[in-house]
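Peer 1: Quick one, target34.tsv (TSV, C-alpha atoms):
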chain	number	residue	atom	x	y	z
A	1	MET	CA	-19.27	19.98	2.28
A	2	LYS	CA	-18.11	18.01	-0.76
A	3	ASN	CA	-19.64	14.63	-1.51
A	4	VAL	CA	-17.69	11.46	-0.88
A	5	PHE	CA	-18.33	7.96	-2.26
A	6	LEU	CA	-18.97	4.80	-0.23
A	7	ILE	CA	-18.01	1.78	-2.34
A	8	ASN	CA	-19.56	-1.62	-1.55
A	9	ASP	CA	-20.32	-0.40	2.00
A	10	ALA	CA	-16.62	-0.81	2.83
A	11	ILE	CA	-14.38	1.79	1.13
A	12	LEU	CA	-14.53	5.59	1.31
A	13	PHE	CA	-13.30	7.77	-1.57
A	14	GLU	CA	-12.77	11.53	-1.10
A	15	PRO	CA	-12.02	12.92	-4.60
A	16	GLU	CA	-11.32	16.46	-3.31
A	17	ARG	CA	-8.58	15.16	-1.01
A	18	ARG	CA	-7.56	12.32	-3.37
A	19	ARG	CA	-7.98	9.85	-0.50
A	20	LEU	CA	-9.14	6.23	-0.59
A	21	GLY	CA	-9.37	3.89	2.39
A	22	PRO	CA	-11.42	1.44	4.45
A	23	ILE	CA	-14.31	2.97	6.37
A	24	ALA	CA	-13.00	1.26	9.52
A	25	GLY	CA	-10.17	3.52	10.70
A	26	TYR	CA	-10.74	6.24	8.10
A	27	PRO	CA	-8.82	8.47	7.35
A	28	GLU	CA	-5.76	7.12	9.23
A	29	ARG	CA	-5.58	4.04	6.99
A	30	ALA	CA	-6.35	5.90	3.74
A	31	VAL	CA	-3.88	6.24	0.85
A	32	THR	CA	-3.34	9.25	-1.41
A	33	LEU	CA	-4.01	8.75	-5.13
A	34	HIS	CA	-1.98	10.10	-8.04
A	35	GLY	CA	-3.81	12.84	-10.00
A	36	PRO	CA	-4.92	10.87	-13.10
A	37	VAL	CA	-5.76	7.82	-10.96
A	38	ASN	CA	-8.01	9.99	-8.78
A	39	ALA	CA	-9.71	11.68	-11.76
A	40	CYS	CA	-10.26	8.41	-13.64
A	41	LEU	CA	-11.77	6.67	-10.59
A	42	LEU	CA	-14.09	9.66	-10.09
A	43	GLN	CA	-15.40	9.37	-13.66
A	44	LEU	CA	-16.02	5.62	-13.29
A	45	LEU	CA	-17.92	6.07	-10.01
A	46	GLU	CA	-19.97	9.02	-11.27
A	47	HIS	CA	-20.98	6.90	-14.28
A	48	ASN	CA	-21.36	3.64	-12.36
A	49	GLU	CA	-22.62	0.73	-14.52
A	50	GLN	CA	-22.08	2.80	-17.68
A	51	VAL	CA	-19.42	2.01	-20.30
A	52	LEU	CA	-16.80	4.77	-20.63
A	53	THR	CA	-14.82	4.68	-23.87
A	54	GLN	CA	-11.08	5.31	-24.10
A	55	ARG	CA	-11.82	8.48	-26.05
A	56	TYR	CA	-14.06	9.78	-23.24
A	57	LEU	CA	-11.44	9.10	-20.53
A	58	PHE	CA	-8.65	10.68	-22.61
A	59	SER	CA	-10.80	13.82	-22.97
A	60	THR	CA	-12.04	14.18	-19.38
A	61	VAL	CA	-8.94	13.08	-17.47
A	62	TRP	CA	-5.96	14.30	-19.52
A	63	GLU	CA	-6.82	16.50	-22.49
A	64	LYS	CA	-8.76	19.07	-20.44
A	65	GLN	CA	-5.49	19.55	-18.52
A	66	GLY	CA	-3.59	20.05	-21.78
A	67	ALA	CA	-1.90	16.63	-21.68
A	68	VAL	CA	-1.72	14.03	-24.45
A	69	VAL	CA	-1.04	10.44	-23.35
A	70	THR	CA	-1.03	7.01	-24.92
A	71	THR	CA	-3.31	4.02	-24.53
A	72	ASN	CA	-0.52	2.43	-22.50
A	73	ALA	CA	-0.81	5.25	-19.91
A	74	LEU	CA	-4.58	4.74	-19.68
A	75	TYR	CA	-4.22	1.00	-19.02
A	76	GLN	CA	-1.56	1.68	-16.37
A	77	THR	CA	-3.95	4.14	-14.70
A	78	ILE	CA	-6.74	1.51	-14.63
A	79	ALA	CA	-4.27	-0.99	-13.15
A	80	SER	CA	-3.33	1.55	-10.44
A	81	ILE	CA	-7.03	2.02	-9.58
A	82	ARG	CA	-7.48	-1.73	-9.13
A	83	LYS	CA	-4.34	-1.89	-7.00
A	84	ALA	CA	-5.47	1.02	-4.81
A	85	LEU	CA	-8.89	-0.56	-4.23
A	86	LYS	CA	-7.30	-3.89	-3.31
A	87	THR	CA	-4.84	-2.14	-0.96
A	88	ALA	CA	-7.78	-0.40	0.72
A	89	GLY	CA	-9.31	-3.82	1.42
A	90	LEU	CA	-11.87	-4.25	-1.37
A	91	ALA	CA	-12.02	-7.94	-2.28
A	92	ASP	CA	-14.24	-7.53	-5.38
A	93	ASP	CA	-12.89	-6.43	-8.76
A	94	ILE	CA	-15.37	-3.66	-9.56
A	95	ILE	CA	-13.54	-2.20	-12.59
A	96	LYS	CA	-14.19	-4.23	-15.74
A	97	THR	CA	-12.43	-3.94	-19.10
A	98	LEU	CA	-14.71	-4.45	-22.10
A	99	PRO	CA	-12.64	-5.23	-25.24
A	100	LYS	CA	-13.24	-2.72	-28.07
A	101	GLU	CA	-15.73	-0.83	-25.88
A	102	GLY	CA	-14.00	0.68	-22.84
A	103	PHE	CA	-14.30	0.35	-19.07
A	104	THR	CA	-17.15	0.16	-16.57
A	105	CYS	CA	-17.60	0.18	-12.79
A	106	ILE	CA	-20.05	-2.34	-11.29
A	107	ALA	CA	-19.91	-1.31	-7.62
A	108	ARG	CA	-22.60	-0.54	-5.09
A	109	VAL	CA	-22.08	3.22	-4.78
A	110	ARG	CA	-23.57	5.68	-2.29
A	111	THR	CA	-22.75	9.39	-2.14
A	112	GLY	CA	-23.09	11.92	0.64
A	113	GLU	CA	-21.17	13.99	3.16
A	114	ILE	CA	-18.42	12.18	4.98
A	115	GLU	CA	-20.16	12.54	8.36
A	116	THR	CA	-23.02	10.49	6.92
A	117	PHE	CA	-20.83	7.39	6.68
A	118	LEU	CA	-18.51	7.78	9.66
A	119	ALA	CA	-20.39	6.62	12.78
A	120	PRO	CA	-19.80	8.74	15.92
A	121	GLU	CA	-18.06	7.19	18.89
A	122	LYS	CA	-20.34	5.31	21.26
A	123	ILE	CA	-20.92	6.99	24.62
A	124	PRO	CA	-20.20	4.57	27.51
A	125	ASP	CA	-23.21	3.36	29.46
A	126	GLU	CA	-23.80	5.13	32.78
A	127	SER	CA	-23.54	1.82	34.67
A	128	VAL	CA	-20.05	1.31	33.24
A	129	LEU	CA	-19.06	4.82	34.34
A	130	ASP	CA	-20.46	4.20	37.82
A	131	ALA	CA	-18.55	0.93	38.12
A	132	ALA	CA	-15.31	2.61	37.07
A	133	SER	CA	-15.78	5.52	39.49
A	134	SER	CA	-16.56	3.20	42.40
A	135	GLY	CA	-13.21	1.49	42.04
A	136	MET	CA	-14.48	-1.85	40.73
A	137	ALA	CA	-11.80	-1.85	38.01
A	138	GLU	CA	-8.23	-1.76	39.23
A	139	SER	CA	-6.14	1.07	37.76
A	140	PRO	CA	-3.02	-0.06	35.93
A	141	THR	CA	0.31	0.62	37.60
A	142	PRO	CA	2.68	3.29	36.14
A	143	ALA	CA	4.98	0.54	34.79
A	144	LYS	CA	2.09	-1.12	32.93
A	145	LYS	CA	1.03	2.26	31.53
A	146	ARG	CA	4.53	2.91	30.16
A	147	THR	CA	4.72	-0.56	28.56
A	148	PHE	CA	1.30	-0.05	26.95
A	149	ALA	CA	2.38	3.36	25.62
A	150	TYR	CA	5.51	1.84	24.05
A	151	TRP	CA	3.42	-0.84	22.32
A	152	ILE	CA	1.02	1.79	20.96
A	153	ALA	CA	3.91	3.98	19.70
A	154	GLY	CA	5.51	0.99	17.95
A	155	LEU	CA	2.22	-0.03	16.32
A	156	LEU	CA	1.59	3.53	15.04
A	157	PHE	CA	5.10	3.64	13.56
A	158	ILE	CA	4.56	0.36	11.69
A	159	LEU	CA	1.17	1.54	10.37
A	160	SER	CA	2.63	4.86	9.18
A	161	CYS	CA	5.40	3.04	7.32
A	162	GLY	CA	2.80	0.83	5.64
A	163	VAL	CA	0.73	3.84	4.53
A	164	PHE	CA	3.84	5.55	3.14
A	165	TYR	CA	4.83	2.41	1.20
A	166	ARG	CA	1.34	1.97	-0.31
A	167	THR	CA	1.15	5.67	-1.27
A	168	TRP	CA	4.60	5.58	-2.86
A	169	LYS	CA	3.80	2.52	-4.92
A	170	ILE	CA	0.46	3.87	-6.17
A	171	ASP	CA	2.00	7.23	-7.13
A	172	GLU	CA	4.89	5.63	-9.03
A	173	PRO	CA	5.45	7.66	-12.24
A	174	VAL	CA	4.43	5.99	-15.49
A	175	LEU	CA	7.85	6.58	-17.12
A	176	ALA	CA	9.56	4.63	-14.32
A	177	SER	CA	8.35	1.39	-15.95
A	178	TYR	CA	10.11	2.10	-19.28
A	179	HIS	CA	13.11	-0.06	-20.22
A	180	ASN	CA	16.60	1.27	-21.05
A	181	VAL	CA	17.66	0.29	-24.58
A	182	GLY	CA	21.02	2.11	-24.64
A	183	GLN	CA	22.43	5.32	-26.12
A	184	ILE	CA	21.39	6.41	-29.62
A	185	ASN	CA	22.45	9.72	-31.23
A	186	GLN	CA	23.66	11.18	-27.89
A	187	CYS	CA	20.35	10.24	-26.16
A	188	GLU	CA	19.88	7.68	-23.42
A	189	VAL	CA	16.80	5.94	-24.83
A	190	TYR	CA	14.02	4.24	-22.83
A	191	SER	CA	11.12	2.34	-24.39
A	192	SER	CA	7.68	1.05	-23.42
A	193	TRP	CA	8.56	-2.17	-25.29
A	194	LEU	CA	10.54	-5.01	-23.73
A	195	ASP	CA	12.26	-5.83	-27.05
A	196	GLN	CA	15.44	-3.71	-27.15
A	197	ASP	CA	16.28	-4.41	-30.81
A	198	LYS	CA	12.82	-3.39	-32.06
A	199	SER	CA	12.91	-0.27	-29.88
A	200	ARG	CA	16.31	0.79	-31.22
A	201	ARG	CA	15.21	0.24	-34.84
A	202	ALA	CA	12.05	2.28	-34.25
A	203	PHE	CA	13.96	5.18	-32.68
A	204	GLU	CA	16.62	5.20	-35.41
A	205	SER	CA	13.97	5.07	-38.14
A	206	LEU	CA	12.08	8.04	-36.69
A	207	SER	CA	15.33	9.97	-36.21
A	208	GLU	CA	16.20	9.53	-39.89
A	209	ARG	CA	12.79	10.71	-41.13
A	210	TYR	CA	12.20	13.44	-38.53
A	211	PRO	CA	15.22	15.18	-36.89
A	212	LEU	CA	15.30	14.94	-33.08
A	213	ASN	CA	16.99	17.65	-31.01
A	214	CYS	CA	18.71	15.49	-28.40
A	215	ASN	CA	21.76	16.86	-26.53
A	216	PRO	CA	24.41	14.77	-24.74
A	217	GLY	CA	23.00	13.51	-21.45
A	218	ASP	CA	19.35	13.91	-22.49
A	219	ARG	CA	16.85	11.10	-21.96
A	220	ALA	CA	14.33	10.04	-24.59
A	221	TYR	CA	11.22	8.01	-23.71
A	222	LEU	CA	9.72	6.15	-26.66
A	223	THR	CA	6.09	5.00	-26.52
A	224	LEU	CA	5.21	2.33	-29.08
A	225	ASN	CA	1.66	1.04	-29.19
A	226	HIS	CA	0.00	-0.30	-32.33
A	227	ALA	CA	-3.44	0.22	-30.74
A	228	GLN	CA	-3.06	4.00	-31.15
A	229	ARG	CA	-2.40	5.79	-34.41
A	230	GLY	CA	0.95	7.35	-33.70
A	231	VAL	CA	4.18	7.26	-31.73
A	232	THR	CA	5.24	9.61	-28.92
A	233	ILE	CA	8.79	10.55	-27.88
A	234	ILE	CA	9.36	12.55	-24.68
A	235	ILE	CA	12.82	14.13	-24.37
A	236	CYS	CA	14.02	15.33	-20.94
A	237	ASP	CA	17.30	17.02	-19.96
A	238	LYS	CA	17.53	14.78	-16.86
A	239	ASN	CA	15.53	12.21	-14.90
A	240	PRO	CA	11.86	13.33	-15.27
A	241	GLN	CA	11.29	12.49	-11.60
A	242	ASP	CA	13.53	15.45	-10.65
A	243	THR	CA	11.50	18.54	-9.84
A	244	ASP	CA	13.65	20.79	-12.06
A	245	ALA	CA	13.64	18.46	-15.09
A	246	ARG	CA	12.60	20.07	-18.39
A	247	CYS	CA	10.84	17.89	-20.95
A	248	HIS	CA	9.18	18.26	-24.34
A	249	SER	CA	7.20	15.73	-26.35
A	250	ILE	CA	7.01	14.91	-30.06
A	251	TYR	CA	3.93	13.14	-31.41
A	252	TYR	CA	4.18	11.31	-34.76
A	253	ARG	CA	0.69	10.86	-36.16
A	254	GLN	CA	1.88	8.30	-38.71
A	255	GLU	CA	2.21	4.80	-37.26
A	256	TYR	CA	5.67	3.22	-37.13
A	257	HIS	CA	5.98	-0.04	-39.03
A	258	GLU	CA	9.08	-2.19	-38.84
A	259	GLU	CA	8.95	-3.19	-42.47
A	260	GLU	CA	9.23	0.43	-43.65
Taking this structure as input, can you express it in the form of structure tokens?
Peer 2:
Amino acid sequence: MKNVFLINDAILFEPERRRLGPIAGYPERAVTLHGPVNACLLQLLEHNEQVLTQRYLFSTVWEKQGAVVTTNALYQTIASIRKALKTAGLADDIIKTLPKEGFTCIARVRTGEIETFLAPEKIPDESVLDAASSGMAESPTPAKKRTFAYWIAGLLFILSCGVFYRTWKIDEPVLASYHNVGQINQCEVYSSWLDQDKSRRAFESLSERYPLNCNPGDRAYLTLNHAQRGVTIIICDKNPQDTDARCHSIYYRQEYHEEE
């Protein structure tokens, strides 16, 4: 059996199944984590109370899978971890950001097999069974049974909708948060910056210095972050959330500066 993590005696985390949820009602009330969110949380828990640098998380979470992401993606992943823990019912903020150092987890963490933490159902006392069999408790009528069943079915439906909503929000793609800045050189351009004018100037400047192969209808996602030495442009032939979308990325190692 694979080890699971018990966080602050309240939340269970199964990294193999990418599940996180309260120990009460687990796994019915658990949510499914997006791949990088799951991998990043695993690193923080395995190195609890240690400081993990951005470079370390880039290497262990993304680069070993052949992916190159920006600092912005890392911070969004940390935010998704905090949101998932809060959704699961953890009141404490156990993930801390240390400026110019990295991130650390300060939780009470226990590891073991899942059966270790999930208590078995209590067996009813023999006296209770005897009382029930002797007819001391009145059996509900068929009408009451049907009404109870309807209430249970309705409650399960509401709970399932809530789990689906939480899972969908946590797994929201990073590129979905980018802002449309209009069409430039046949491309529909999206940017990680809120400022449309600065984003357009940056894209046009890069296009002049380094040719971009962008066909009509293509989408370009521009990541601008002065904290990292470089700029990334991802070009897709359609919405990257579509399963058949084809994308390629261009990484400019030289920083973009507006005054250039």
Peer 1: Check the smallest atom-to-atom distance from each of A:Asp93, A:Glu115, A:Glu188, A:Glu63 to Ile235 of chain A using all atoms listed in the file, then report the winner.
Peer 2: A:Glu188
Peer 1: Just how far from atom CA of Leu175 of chain A is atom CA of Leu44 of chain A, in Å to one decimal?
Peer 2: 24.2 Å
Peer 1: Please measure the separation of atom CA of Thr111 of chain A and atom CA of Ile7 of chain A, giving the value in Å to one decimal.
Peer 2: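 Here the two named atoms are 9.0 Å from each other.
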Peer 1: Find the spatial neighbours of Thr77 of chain A, counting all atoms listed in the file, within a cut-off of 10 Å - ignore same-chain residues fewer than 3 positions away - and output them as a PyMOL selection string.
Peer 2: chain A and resi 34-41+71-74+80-83+170+174
Peer 1: So, counting only C-alpha atoms, which residue among A:Gly182, A:Gly102, A:Lys238, A:Thr32 is closest to Leu57 of chain A?
Peer 2: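 Nearest candidate to Leu57 of chain A out of A:Gly182, A:Gly102, A:Lys238, A:Thr32: A:Gly102.
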Peer 1: Excluding same-chain residues fewer than 3 positions from segment 191-197 of chain A, what lies within 8 Å of it counting all atoms listed in the file, as a ChimeraX atom specification?
Peer 2: /A:177-181,200-201,221-224
Peer 1: What is the atom CA of Ile250 of chain A to atom CA of Asn185 of chain A distance in Å?
Peer 2: 16.3 Å
Peer 1: Which is closer to Thr116 of chain A than all the others in A:Cys236, A:Asp244, A:Thr70, A:Asn3, using only C-alpha atoms?
Peer 2: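 Checking each candidate against Thr116 of chain A, we get A:Asn3 as the closest.
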Peer 1: Would you be able to write out as number ranges by chain which residues have an atom within 12 Å of (-18.1, -6.0, -20.2) in the file's coordinates, counting all atoms listed in the file?
Peer 2: A: 49-53, 94-106
